Structures are given as C-alpha cells and as structure tokens.
Amino acid sequence: MKMKSGLLALAMSAAIATPFATAADKPVVGLITKTNTNPFFVKMREGAQEKADAMGVDLRTFSGKFDGDNQSQVQAIENLIASGAKGILIAPSDPVAIVPAIDRARKEGLLVIALDTPLSPADAADATFATDNYKAGVLIGQWAAKTLGDDAANAKIAMLDLNSSMITVDVARDQGFLEGFGIDVKDPNKIGDESDARIVGHDVTSGAEEGGRRAMENLLQKDPGINVVYTINEPAAAGAYEAIKAAGRQDDVLIVSVDGGCPGVENVKDGVIGATSMQFPLRMASMGVEAVLEYAKTGTKPSATEGLDFVNTGVELITDAPQDGVKSTSSKDGLGMCWG
Amino acid sequence: MANPASAPKQEAAQHELVASSAKGDFAKFEAEKLSFMERAHRFFHQHPTAAPAIVLLLAVAAFSFIIGDRFLHPYNMSLILQQVTIIGILGIAQTLIILTAGIDLSVGAIMVLTSVIMGRMAIDIGLPPFAALGIGLFAGAVCGYINGLLVTFFRLPPFIVTLGTWNIFFALNLWYSKSETIRSQAIDNVAPLLHWTGQTIEFFGAKLSYGSLLMLALFLLVWYALNWTAWGRHVYATGDDPAAARLAGIRTDRILMSVYVVAGIVCAIGAWALIGRIGSVSPQAGMMANLDSITAVVIGGCSLFGGRGAIFGTLIGALVVGVFRNGLALAGVDVLWQEFTVGLLIIVAVGMDQWIRKV
C-alpha cells in the first residue's frame, strides 16, 4: 500500500511538474509521424531530435500505430495543443481526415507543417516540406530511357506500385517515371489509364519485399520479356530482384526505384538497382524545427519553393551508370547521405 | 457441452420421448424431400476438406479457361506454390491453435522476430549459420511458450493473449533490428544456409523451391501427428470439449501448452522460408501475415469453434487464395477486386461451416 501511494504521488508530481517546467524553459514542438517502424520516419525523428537539441527546443514525438492510423494522430494533435506547443510537424496518415484536427490547432495559434505527404487540400497546413515525388519519378524515368537508348522504343515495362488506394505519393512517382521515360501519361492524377503498349502491367507491392516479389512473378508470367521495372520503393525493388533472379533474367532487366535508404543505395552499388531517387527525411524534419522556431520568434511562415505549392526538400538521383543530361550522384557518395 | 445439472437431462429425455413418438412419417417425409441436401450435408460433414477442394478445382478450371495455357503451365503452378509457402507454414501453426478453439494473432510477429534473430545472429554476431537457425527456432519455441503460459496458467483468452504478444513481439523486433534491413547480398556472403529455402529444383518445367517442399513436408508431418498419434487425438478432444477431455483423463493444459510451443517453432520455420523467399531480412515483413493465415485456415474449412478441421484443408485454403490472386493478376484484373474476392471467399467459407455444423 505504501509503495502504491508512493508511486501515485510520484506519477502525479511528474504529471504536474513536466508541462510547467518545460514550457517555461523551452518552446515545445511536436513531431507526429505515420508509424515508428518505417526507417524513413525513424530517421525523420532523429533529424528533428538532433536539431531540437542543438536549438534548445523541447521536442515531443508521437506516431500512429500503423500507416493509415488517423485516430492516434488526432490524439497527438490534441495533446500538443493542450501542452501549449508552438508548432506541429506532421506526416499525415490520412491527409483528408486529419484536416479538422489541424484546423483546431491552427486556430489555437500553432504553426502546422506537413512533412513528406501534403494535406488535402494542401493549404490546410501552413506549409508542406516534402520530396518532389513527381520529379523523383521523372529522374529515374529519364535515366532508364537514356540507358536503353534506341531500345527504349521497344521496352517492356513493369510498374510495381504501392497499393490500390492511389495515394498521392504513389501516383506522383508512377506518373513521373512514365513521363520521364517518354510515355503519354494522359491524366497525371491517375495510375493505369495509359494506353502505351510498352507497359506490360501494374501490380501492387505494399512497399515490401514479399509484395515486390509476388507482383514481379505475376507480371513476368504475363510477359516474360519485361526489361524495365519501376518500383515504388527499394524494399519492393529488392523483392522484385529476387523474382527476376529466380527467372534467370538479372543481367538484362533494369530496375529503378525511389527512396535513398542505405540498403537501397547498397543495392545500387551491387547492381541490383540501376538507379534510385534519394529523398531527405532528415532534412525535412530539421528544416521543420527551424521553421517553427522562426515563426515563434518573428511570426513569419515558410514560403513554398518557386513553381511548387510546397517547400522542396530535394531529390537526388543515385546511380553508378550516369547518363548525359541526367544529373546524378555515385552510390559511393550516396552512402554518405542515405538514411535508415 | 457437458452439463452436470440433472434437470436439463430429464427434460432432454422427455423431449426425446416426445420426438420418438412423433417421428415416424414426419421424418420420412423430410428425408425424401431434402435427400440431396441432406446427402450433401452429410458428405461435407464427413469430409471437411471437400468444400475448399471443390472451390480450388473450380477456380483452377475457370482461370485455365479464361487465361489459357499460361496459367496451367507447371511453372505457374509451382509459382503459386512458392507464393503461398509462407502463409501455408503460418497456417499450420494457426490450424493447430484454432483446433484447440483458440486463435493466434501473433504468428506473423513471431515469424518476423525470429527471422531478425536468425539474421542478426549470423551477420552481426557471426555465429555459424546452423547455430543462428537453431537459436531462431528456439526463440520461436520461447515465444510460443509465453503464449501458452498466459493461456493455460493465467487463464487468459487466447485472442487477448496473442493480441498483446503480437504487439510485444513486434516491438521487440523493431528494437532488436533497429528497423534496419539486412540485405540479401550480405546474407549470401555469410550465411547461405538461410537462403536454402529459396533455392529451386526443376521438375517437368515446374520450379519447386525447397521452402515449398519444406512446407509440404511439414503438412505431412503435422497430418501424421494429428491423426495417428495420441497427442493429435488429444488436441482434437481438447478443442472439441475441454471439460469432456479432462474427464477422459487428458491433461488439457499440457496439450494446450505443447500446441503453442509447436506453433511457435513452426512460425520460426516460416521465418526461414521467409528469408529464402524475400532474400533480405526485413523487420517490416509479414505485418498482415497473421490475418492471411487465419484466412487460409477458415477457407480451408477449419471451424473457429475448435475440434473440427483437417490440416490439409489449410493447405487448400492457402492455395485457393494464391490461385485467385495469381489468376486475377494474370487476367489483368485490378487489385482491389482481388481483395474483394478473398473477402467473399471468407464469408462463404464461414457460412458453409455454420451450415455443416448444424446437425
């Protein structure tokens, strides 16, 4: 009994003491990620923490339980409003459903920055810090077309997408790749409406190895002559490679991807992936922390990159077979910048 | 259900008396009119794998008709077998648990955790591959033991226990792996044994992976154990009616415990097959594998109420899902209709089970 009441007292004093102590000392900034499992978000949190420590910010991190978990993110926003945070950095799991909660936060005077995934509508946040996923796709598309040269006219392309919900990131990378490759994408907001005969088919991977392998196996069954493979991310690419290897075609199929995770860059080095577009989650988060602090001090909000409706945090093509006219970085240098 | 109260027994006797005097013509009339349905009912009752087997054959026939030789080619058939290997193995573990009227939500998490353990032991610590594999299998047994202990000793419902351990094992997996993937090439260099399950042998144009052969061997082994050993009969008895089983002298707690431990080891074997199939060791893999394994078991005709179902039904259930996914993909059907179809199959399968259970 004594221990119990002691614990209770301890818990209560902690609950009372923390908000006052920290609110007085340091400005509070919240970071809400989609999950805490994906290395992309793990890295994002590291980037934010590092910046927060350096600038004397009290960083509070939250995440959903799984990709698509809106409820936990709403709770996190409510908690941050209650603790008097100056701003919120959020990678929204459900860019539509989260908007009412974001509105409440902004009404309370918090600066809200969407990271990685724009809200819908995008102006529901004060700013968006994200990878230009369309450009990421265009880069690998251009690279693949240049690498094939004249054979690009007879290419047989497999498209390994994320899932059937057609979220913005998935659509932008897919369509960007096709545009870069020189294919008429028709509606750039829609996957699969193209009529170009070079596309063998689309399949989904859940962005994971097993899904990548199964999708690749099925598409190779549809047409064994596939020689270009677009993948939504590097785990899907690694899975697709296993299927291609099992079919004995690893020397004549070109795989391209997006992400820039360290295992992915290693796979570029080993020739598994031909080229990948690297994104910079660490930079997204650290720029976000800076922006909130700037807003807290001067009241100025970050402004979007020219020609885009978001702040572009950069994308870089990583390949060891550079092509003329497509700017790229070697896998050796890429290993110094990769995440996860 | 065994009910020691005497009043219902008397009532039942009375009811039987009335029924026997009233039977005669009435029952005969019914039997004549519904003879086909009755015969079908009896047939499915006696052969729990018949219904999914018929669905499988119909699906294969339909897709061969729609897609042509490409679908029925031995290579494509072996491909489907490769694609269902992991869910098939987890399905074995799941069937064992479901036969005891339990459910295991943690099978996927045990698989991922043990695959990470195997990978880390071999790559980071540099243990010989067979030792890494052995430690992984042992870790699977420990995970199963924890589930079993909570179910038997603490008397918690299996659904809640495994809902909890699913989260716990998954969190441990993320902590231990630091969310980092071990690449295929690194494993090839240091521990090719872990990739053995991904190697294939050619057989009349079919490419069978050792992983799928391992799965088939496991099915045979568990089929033998369930049907031809005392342990297997005790598992069925415990699932069908634990009170009656206890009265018959079966130590049901011990049986339950052994089932959970065996299921854990089977999940770890699934981890080996997983590494062979996807090449790398990924802490993100197998997130939905628990639900997929339950899908295979349910479509395979195993009753969620325990005590009824055949292990090969699960293999057929996994194959039905695999055939639909592969066939619909080859036919160029949008993915969301693949998911739709699987959902439909689950409901039809459970509906069948309810109908068959009616005596």
# chains A, B, ... in the order shown; residues from 1 in each chain; ligands from 1
call {"tool": "closest_atom_pairs", "arguments": {"of": "chain A", "to": "chain B", "cutoff": "8 Å", "atoms": "only C-alpha atoms", "output": "Markdown table"}}
result
| residue | atom | partner | partner_atom | distance |
| --- | --- | --- | --- | --- |
| A:Thr37 | CA | B:Ser179 | CA | 6.2 |
| A:Asn38 | CA | B:Ser179 | CA | 6.7 |
| A:Pro39 | CA | B:Ser179 | CA | 5.7 |
| A:Val42 | CA | B:Ser179 | CA | 7.9 |
| A:Ser164 | CA | B:Leu336 | CA | 6.0 |
| A:Gly201 | CA | B:Gly332 | CA | 7.5 |
| A:Asp203 | CA | B:Val335 | CA | 7.2 |
| A:Val204 | CA | B:Val335 | CA | 7.2 |
| A:Ala208 | CA | B:Ala285 | CA | 6.7 |
| A:Glu209 | CA | B:Ile278 | CA | 5.6 |
| A:Glu210 | CA | B:Ile278 | CA | 5.6 |
| A:Arg213 | CA | B:Ile278 | CA | 6.9 |
| A:Arg214 | CA | B:Gln83 | CA | 6.6 |
| A:Glu217 | CA | B:Leu79 | CA | 7.6 |
| A:Asn218 | CA | B:Asn326 | CA | 6.4 |
| A:Leu219 | CA | B:Leu330 | CA | 7.2 |
| A:Gln221 | CA | B:Leu330 | CA | 7.1 |
| A:Lys222 | CA | B:Leu330 | CA | 5.7 |
| A:Ala238 | CA | B:Ile278 | CA | 7.7 |
| A:Gly239 | CA | B:Ile278 | CA | 5.5 |
| A:Glu242 | CA | B:Ile278 | CA | 6.6 |
| A:Pro263 | CA | B:Arg183 | CA | 6.4 |
| A:Gly340 | CA | B:Glu180 | CA | 6.4 |
call {"tool": "write_last_selection", "arguments": {"atoms": "N, CA and C atoms", "output": "PDB file, in the first residue's frame"}}
result
ATOM      1  N   THR A  37       7.838   2.561 -37.112  1.00  0.00           N
ATOM      2  CA  THR A  37       8.526   1.355 -37.573  1.00  0.00           C
ATOM      3  C   THR A  37       9.336   1.604 -38.831  1.00  0.00           C
ATOM      4  N   ASN A  38       8.750   2.342 -39.780  1.00  0.00           N
ATOM      5  CA  ASN A  38       9.419   2.594 -41.038  1.00  0.00           C
ATOM      6  C   ASN A  38      10.702   3.409 -40.800  1.00  0.00           C
ATOM      7  N   PRO A  39      11.857   2.917 -41.296  1.00  0.00           N
ATOM      8  CA  PRO A  39      13.116   3.638 -41.068  1.00  0.00           C
ATOM      9  C   PRO A  39      13.079   5.078 -41.559  1.00  0.00           C
ATOM     10  N   VAL A  42      11.771   6.852 -38.686  1.00  0.00           N
ATOM     11  CA  VAL A  42      12.755   6.757 -37.608  1.00  0.00           C
ATOM     12  C   VAL A  42      13.839   7.807 -37.834  1.00  0.00           C
ATOM     13  N   SER A 164      -3.785  -0.265 -53.685  1.00  0.00           N
ATOM     14  CA  SER A 164      -4.882   0.099 -54.571  1.00  0.00           C
ATOM     15  C   SER A 164      -5.572   1.408 -54.186  1.00  0.00           C
ATOM     16  N   GLY A 201       2.141  -4.058 -67.440  1.00  0.00           N
ATOM     17  CA  GLY A 201       1.079  -4.058 -66.439  1.00  0.00           C
ATOM     18  C   GLY A 201       1.499  -3.380 -65.155  1.00  0.00           C
ATOM     19  N   ASP A 203       1.110  -3.700 -60.859  1.00  0.00           N
ATOM     20  CA  ASP A 203       0.685  -4.550 -59.746  1.00  0.00           C
ATOM     21  C   ASP A 203       1.106  -3.854 -58.457  1.00  0.00           C
ATOM     22  N   VAL A 204       0.590  -4.316 -57.321  1.00  0.00           N
ATOM     23  CA  VAL A 204       0.880  -3.626 -56.062  1.00  0.00           C
ATOM     24  C   VAL A 204       1.785  -4.463 -55.170  1.00  0.00           C
ATOM     25  N   ALA A 208       6.819  -3.560 -49.856  1.00  0.00           N
ATOM     26  CA  ALA A 208       7.634  -4.500 -49.087  1.00  0.00           C
ATOM     27  C   ALA A 208       8.190  -5.588 -50.006  1.00  0.00           C
ATOM     28  N   GLU A 209       9.196  -6.324 -49.490  1.00  0.00           N
ATOM     29  CA  GLU A 209       9.903  -7.327 -50.289  1.00  0.00           C
ATOM     30  C   GLU A 209       8.970  -8.410 -50.824  1.00  0.00           C
ATOM     31  N   GLU A 210       8.172  -8.989 -49.923  1.00  0.00           N
ATOM     32  CA  GLU A 210       7.314 -10.105 -50.328  1.00  0.00           C
ATOM     33  C   GLU A 210       6.335  -9.666 -51.419  1.00  0.00           C
ATOM     34  N   ARG A 213       8.165  -9.219 -54.693  1.00  0.00           N
ATOM     35  CA  ARG A 213       8.481 -10.478 -55.371  1.00  0.00           C
ATOM     36  C   ARG A 213       7.237 -11.062 -56.045  1.00  0.00           C
ATOM     37  N   ARG A 214       6.116 -11.094 -55.307  1.00  0.00           N
ATOM     38  CA  ARG A 214       4.899 -11.694 -55.864  1.00  0.00           C
ATOM     39  C   ARG A 214       4.423 -10.926 -57.097  1.00  0.00           C
ATOM     40  N   GLU A 217       6.712 -11.655 -60.028  1.00  0.00           N
ATOM     41  CA  GLU A 217       6.481 -13.011 -60.549  1.00  0.00           C
ATOM     42  C   GLU A 217       5.253 -13.030 -61.454  1.00  0.00           C
ATOM     43  N   ASN A 218       4.180 -12.396 -60.974  1.00  0.00           N
ATOM     44  CA  ASN A 218       2.948 -12.418 -61.749  1.00  0.00           C
ATOM     45  C   ASN A 218       3.083 -11.647 -63.055  1.00  0.00           C
ATOM     46  N   LEU A 219       3.792 -10.504 -63.010  1.00  0.00           N
ATOM     47  CA  LEU A 219       3.947  -9.728 -64.241  1.00  0.00           C
ATOM     48  C   LEU A 219       4.866 -10.448 -65.226  1.00  0.00           C
ATOM     49  N   GLN A 221       4.981 -13.576 -65.527  1.00  0.00           N
ATOM     50  CA  GLN A 221       4.122 -14.602 -66.113  1.00  0.00           C
ATOM     51  C   GLN A 221       3.294 -14.016 -67.244  1.00  0.00           C
ATOM     52  N   LYS A 222       2.890 -12.764 -67.047  1.00  0.00           N
ATOM     53  CA  LYS A 222       2.096 -12.090 -68.072  1.00  0.00           C
ATOM     54  C   LYS A 222       2.943 -11.860 -69.322  1.00  0.00           C
ATOM     55  N   ALA A 238      13.967  -4.782 -54.046  1.00  0.00           N
ATOM     56  CA  ALA A 238      14.751  -5.938 -53.618  1.00  0.00           C
ATOM     57  C   ALA A 238      13.946  -7.222 -53.825  1.00  0.00           C
ATOM     58  N   GLY A 239      12.642  -7.170 -53.524  1.00  0.00           N
ATOM     59  CA  GLY A 239      11.781  -8.331 -53.734  1.00  0.00           C
ATOM     60  C   GLY A 239      11.651  -8.663 -55.212  1.00  0.00           C
ATOM     61  N   GLU A 242      14.599 -10.551 -56.532  1.00  0.00           N
ATOM     62  CA  GLU A 242      14.601 -11.983 -56.226  1.00  0.00           C
ATOM     63  C   GLU A 242      13.802 -12.758 -57.279  1.00  0.00           C
ATOM     64  N   PRO A 263      20.131   0.511 -47.359  1.00  0.00           N
ATOM     65  CA  PRO A 263      20.151  -0.779 -48.062  1.00  0.00           C
ATOM     66  C   PRO A 263      19.886  -0.612 -49.562  1.00  0.00           C
ATOM     67  N   GLY A 340      18.466   5.389 -42.830  1.00  0.00           N
ATOM     68  CA  GLY A 340      17.865   4.090 -42.454  1.00  0.00           C
ATOM     69  C   GLY A 340      18.666   2.869 -42.853  1.00  0.00           C
TER      70      GLY A 340
END
call {"tool": "closest_atom_pairs", "arguments": {"of": "stretch 82-176 of chain B", "to": "stretch 234-250 of chain B", "cutoff": "10 Å", "atoms": "only C-alpha atoms", "output": "Markdown table"}}
result
| residue | atom | partner | partner_atom | distance |
| --- | --- | --- | --- | --- |
| B:Leu96 | CA | B:Val235 | CA | 8.0 |
| B:Ile97 | CA | B:Gly239 | CA | 8.9 |
| B:Ile98 | CA | B:Gly239 | CA | 8.0 |
| B:Leu99 | CA | B:Gly239 | CA | 5.4 |
| B:Thr100 | CA | B:Gly239 | CA | 3.6 |
| B:Ala101 | CA | B:Gly239 | CA | 5.1 |
| B:Gly102 | CA | B:Gly239 | CA | 8.2 |
call {"tool": "select_by_dssp", "arguments": {"residues": "stretch 110-216 of chain A", "states": "strand (DSSP E)", "output": "PyMOL selection string"}}
result
chain A and resi 111-115+127-130+157-161+199-204
call {"tool": "select_by_dssp", "arguments": {"residues": "stretch 168-300 of chain A", "states": "helix (DSSP H, G or I)", "output": "number ranges by chain"}}
result
A: 168-181, 209-222, 234-246, 262-269, 281-298
call {"tool": "closest_atom_pairs", "arguments": {"of": "stretch 246-289 of chain A", "to": "stretch 109-129 of chain A", "cutoff": "10 Å", "atoms": "only C-alpha atoms", "output": "tab-separated table"}}
result
residue	atom	partner	partner_atom	distance
A:Gln279	CA	A:Asp116	CA	9.6
A:Phe280	CA	A:Asp116	CA	9.4
A:Pro281	CA	A:Asp116	CA	7.6
A:Arg283	CA	A:Phe129	CA	9.2
A:Met284	CA	A:Phe129	CA	5.9
A:Ala285	CA	A:Leu115	CA	7.3
A:Met287	CA	A:Phe129	CA	8.1
A:Gly288	CA	A:Ile113	CA	6.9
A:Val289	CA	A:Ile113	CA	9.5
call {"tool": "write_last_selection", "arguments": {"atoms": "C-alpha atoms", "output": "CSV table (one decimal), in the first residue's frame"}}
result
chain,number,residue,atom,x,y,z
A,279,GLN,CA,14.9,11.7,-50.7
A,280,PHE,CA,15.9,13.5,-47.5
A,281,PRO,CA,13.7,12.8,-44.4
A,283,ARG,CA,16.3,17.5,-43.8
A,284,MET,CA,12.5,17.6,-43.8
A,285,ALA,CA,12.4,17.3,-40.1
A,287,MET,CA,14.0,22.3,-41.6
A,288,GLY,CA,10.6,21.9,-39.9
A,289,VAL,CA,12.0,22.5,-36.4
call {"tool": "residues_around", "arguments": {"residues": "stretch 210-224 of chain B", "least_positions_apart": "2", "cutoff": "8 Å", "atoms": "only C-alpha atoms", "output": "PyMOL selection string"}}
result
chain B and resi 81-82+85+88-89+92+196-201+208+226-229+273+276-277+310-312+315
call {"tool": "residues_around", "arguments": {"residues": "stretch 48-57 of chain A", "least_positions_apart": "3", "cutoff": "6 Å", "atoms": "only C-alpha atoms", "output": "PyMOL selection string"}}
result
chain A and resi 26-27+45+285-286
call {"tool": "residues_around", "arguments": {"residues": "B:Val142", "least_positions_apart": "6", "cutoff": "12 Å", "atoms": "only C-alpha atoms", "output": "PyMOL selection string"}}
result
chain B and resi 110+113-114+135-136+148-149+165+169+257-258+260-268
call {"tool": "closest_residue", "arguments": {"among": "A:Asn267, A:Ile191, A:Leu178, A:Leu162", "to": "A:Gly207", "atoms": "only C-alpha atoms"}}
result
A:Leu162
call {"tool": "atom_distance", "arguments": {"atom1": "atom CA of A:Gly325", "atom2": "atom CA of A:Asp170"}}
result
25.6 Å
call {"tool": "residues_around", "arguments": {"residues": "A:Gly336", "least_positions_apart": "2", "cutoff": "12 Å", "atoms": "only C-alpha atoms", "output": "MDAnalysis selection string"}}
result
chainID A and resid 260:262 265:266 278 318 329:334 338:340
call {"tool": "write_last_selection", "arguments": {"atoms": "C-alpha atoms", "output": "PDB file, in the first residue's frame"}}
result
ATOM      1  CA  GLY A 260      17.507   6.510 -50.853  1.00  0.00           C
ATOM      2  CA  GLY A 261      17.559   4.227 -47.821  1.00  0.00           C
ATOM      3  CA  CYS A 262      21.025   2.827 -47.084  1.00  0.00           C
ATOM      4  CA  VAL A 265      21.931   2.592 -52.060  1.00  0.00           C
ATOM      5  CA  GLU A 266      23.995  -0.532 -51.276  1.00  0.00           C
ATOM      6  CA  MET A 278      17.036   9.699 -52.973  1.00  0.00           C
ATOM      7  CA  ILE A 318      21.865   7.820 -57.258  1.00  0.00           C
ATOM      8  CA  THR A 329      25.496  11.097 -57.783  1.00  0.00           C
ATOM      9  CA  SER A 330      27.502   7.894 -57.384  1.00  0.00           C
ATOM     10  CA  SER A 331      26.482   5.213 -54.895  1.00  0.00           C
ATOM     11  CA  LYS A 332      29.729   5.873 -53.024  1.00  0.00           C
ATOM     12  CA  ASP A 333      28.713   9.457 -52.310  1.00  0.00           C
ATOM     13  CA  GLY A 334      25.125   8.323 -51.871  1.00  0.00           C
ATOM     14  CA  CYS A 338      21.441   7.827 -47.138  1.00  0.00           C
ATOM     15  CA  TRP A 339      19.005   7.192 -44.319  1.00  0.00           C
ATOM     16  CA  GLY A 340      17.865   4.090 -42.454  1.00  0.00           C
TER      17      GLY A 340
END
call {"tool": "closest_residue", "arguments": {"among": "A:Leu89, A:Ala97, A:Val258, A:Ile157", "to": "A:Ala172", "atoms": "only C-alpha atoms"}}
result
A:Val258
call {"tool": "residues_around", "arguments": {"residues": "A:Ala144", "least_positions_apart": "6", "cutoff": "12 Å", "atoms": "only C-alpha atoms", "output": "PyMOL selection string"}}
result
chain A and resi 137-138+150-153+155-157+177-182+227-230+253-257+273-276+317+319+321-324+326
